[in-house]
Every structure is written in structure tokens, then in C-alpha cells.
Amino acid sequence: MNGVTRYRPDLFEIYGRKLKIEYLGMASVYTIIALYFFGGLPTLSQSIIAAIGSFFLFLGLKKKTKDHFSGSLILFTSVAVGWVPVVIDSWFIQYMMFGFAVFAMEGYLEKRQYRIYLLPVLFFFWACKDISWLLGFIFAAMYLTYPWSEKPGLRRRLLMLLIISFIIGIATSFFRYDTSASYAQLSLQYGMLSVWPPSIYFLVLMYILTLICLIMFLHSTVMPHRLNIIVFCAISGFDGRLAAVFAMVAAVFLSAGMFRESFYSDRWRPYFKHAEWYYFWVIFAVALYVVFKRPVI
């Protein structure tokens, strides 16, 4: 073979592929997120709704990471930051809606533009809940900076959908509830993340990874990702919910940079790919423990 060592998959990978263990592995990931991280919500249905938000986030990541291992690790880190406001402040619906915004707008970049037609619907239901729909609107509006030179009418279409979404959001905000009360719901809650100190650690980890990614991959990422990470990083320190949103935005940015196609290093990427088949079995075992023991952080 001219000195080239032929790759030989081991038993974990061989039987993992046969058993489609990647599906079981990712089901285990969402089980852990729903029951362990978001299990403190009053009802199981609310925990599932919050976990669906992380599912939408992962759908926005997976075309960039192209493996489940690095994608789910980024997902866990994001959820570890966001679970406090989701559980303590019952922010599960807003969390799910921001996850859907990520799913829709990353589809816009990945030639799945039909998803953006759901934006007016998304912002209508989001505005029925509270004024935090503006966070999703700011996030989506940044994607107007993507040129789409090969499809010049696409950006104009997104602009029209965003204008419609903004009108719907503003109108719903005034007609569905008292706007002053709604703004009060988003009052800043300093120290909210201190309810569970590890959330602070994971938030700091997100800051560090984001800074590294900004330094090393700024010019290889697209303008919407750059602007969103700067804006949401700047506001993340004011409130736990803003930190949760920043963690989701950071997950997208890291997937587009440092963890693109599994890992940026050609040397380390094969190890990440191979470790995936061990990871699925481990995460399945952890999910079984969570299901039967039901520990809640």
C-alpha cells in the first residue's frame, strides 16, 4: 500500500454501524438533557419542550460539525449554561423558540431556505409569550449580512419576512398583554447563574472557546456568525437568560469554526471520528442511569 496504513475499524465501530448506535446515542443525549438538566421543571412535558429547543440547536450544528461526538459535547456545554434560567425562571418555551430560530436561520445558510417562511409564525407565538422575541429577531436579522451573490433575490425575501415578523411581533406585544409587565419579565437578574456554580464555569469555558475561535477562525466564519457572537457575548453578563441565549449562539459559532467537520486539526480529526463509536455506548449507559435514578441537578 506504498507505506500507507489501511484503516481498520474495531468491534465498537463495526457493530455500532450495524446496530445504528448513533441514533440510540443521540436519543440518549436528549434523554439526559430532558431528565437531568431540565428535569427540575414542574412537569415532564415542560422538560421535553426545553429539550426540543436543544434538539433544534443540534440540527443547526450538525451540518457543520458532521459528527455527533463534537456536536453533542458543544450541545451539553450550551445546556449546562442555560438550564438555570430555563428551570428556575420557567423559560422553557422561549428556549425552544430560540433553538428553532437557530434551526431556521442556519437552514437559510445551508440551502434549506424554506425554513425562513416559518419566521412570522415563530415570532407570533413567541410574542404571545413575552418580549424576548426581540432576541430571536436580532439573531435572525444578522443573517441579512450574508451576501448570497448567486441568489440575489434571497436576501430581499428574508428582509420582507423579517419586516412582516417584526410587525407581527410588535402588534402582538401591544394587543396580547400589558407591555410594561412584559418588559418587567425581562428585568435583569444579576447572579442568577450562581444558583448552580458550575453554570458559571461552563459560561467561562464558552467565553474562552469563543475568544480562541474569534482569534483563529474569524476570517473563515461568515458575517452573521461573527456579528451574532459579538452582540450576544456583550449582553450575556447581564442576566441568566441572556447567558443561555449566548451559549446557543456560541455553539453555532464554535461549530462553524473550531469544530467544523468534527475538529479543525487534520491530525486530530480521525481520533474524534473514531472516539464517536465509543462515546455512543458510554452516553447510552449514562442515559439508562438517568432514567432509572432520575437525579436532578
# chains A, B, ... in the order shown; residues from 1 in each chain; ligands from 1
>>> select_by_dssp(residues="segment 209-296 of chain A", states="alpha helix (DSSP H)", output="ChimeraX atom specification")
/A:209-217,223-235,240-256,269-293
>>> residues_around(residues="Ala140 of chain A", least_positions_apart="6", cutoff="10 Å", atoms="only C-alpha atoms", output="mmCIF file with N, CA and C atoms, in the first residue's frame")
data_model
loop_
_atom_site.group_PDB
_atom_site.id
_atom_site.type_symbol
_atom_site.label_atom_id
_atom_site.label_comp_id
_atom_site.auth_asym_id
_atom_site.auth_seq_id
_atom_site.Cartn_x
_atom_site.Cartn_y
_atom_site.Cartn_z
ATOM 1 N N PHE A 98 -35.983 30.005 20.650
ATOM 2 C CA PHE A 98 -34.689 30.479 20.166
ATOM 3 C C PHE A 98 -33.951 29.344 19.452
ATOM 4 N N ALA A 101 -35.216 29.274 16.067
ATOM 5 C CA ALA A 101 -34.654 30.376 15.271
ATOM 6 C C ALA A 101 -33.279 29.992 14.726
ATOM 7 N N VAL A 102 -32.467 29.333 15.558
ATOM 8 C CA VAL A 102 -31.168 28.841 15.095
ATOM 9 C C VAL A 102 -31.355 27.846 13.957
ATOM 10 N N ALA A 104 -33.854 27.540 11.873
ATOM 11 C CA ALA A 104 -34.355 28.192 10.657
ATOM 12 C C ALA A 104 -33.265 28.976 9.951
ATOM 13 N N MET A 105 -32.486 29.753 10.721
ATOM 14 C CA MET A 105 -31.518 30.644 10.091
ATOM 15 C C MET A 105 -30.283 29.896 9.601
ATOM 16 N N GLU A 106 -29.896 28.832 10.280
ATOM 17 C CA GLU A 106 -28.798 28.024 9.751
ATOM 18 C C GLU A 106 -29.239 27.280 8.494
ATOM 19 N N TYR A 108 -31.144 28.637 6.345
ATOM 20 C CA TYR A 108 -31.012 29.698 5.335
ATOM 21 C C TYR A 108 -29.618 29.707 4.724
ATOM 22 N N ILE A 116 -37.199 29.649 6.486
ATOM 23 C CA ILE A 116 -37.395 31.036 6.902
ATOM 24 C C ILE A 116 -38.847 31.478 6.737
ATOM 25 N N LEU A 119 -40.740 31.992 9.976
ATOM 26 C CA LEU A 119 -40.369 33.052 10.913
ATOM 27 C C LEU A 119 -41.564 33.876 11.402
ATOM 28 N N LEU A 134 -37.666 39.648 20.747
ATOM 29 C CA LEU A 134 -36.717 40.583 20.142
ATOM 30 C C LEU A 134 -35.311 39.993 20.075
ATOM 31 N N LEU A 158 -35.749 37.369 2.606
ATOM 32 C CA LEU A 158 -35.565 37.305 4.053
ATOM 33 C C LEU A 158 -35.915 38.636 4.701
ATOM 34 N N LEU A 159 -35.517 39.739 4.060
ATOM 35 C CA LEU A 159 -35.830 41.061 4.591
ATOM 36 C C LEU A 159 -37.340 41.256 4.705
ATOM 37 N N LEU A 162 -38.676 39.248 7.572
ATOM 38 C CA LEU A 162 -38.320 39.845 8.857
ATOM 39 C C LEU A 162 -39.167 41.087 9.147
ATOM 40 N N PRO A 224 -22.786 36.724 9.526
ATOM 41 C CA PRO A 224 -23.833 36.569 10.549
ATOM 42 C C PRO A 224 -23.331 35.936 11.837
ATOM 43 N N ASN A 228 -23.347 37.997 15.415
ATOM 44 C CA ASN A 228 -24.168 37.446 16.493
ATOM 45 C C ASN A 228 -23.346 37.122 17.728
#
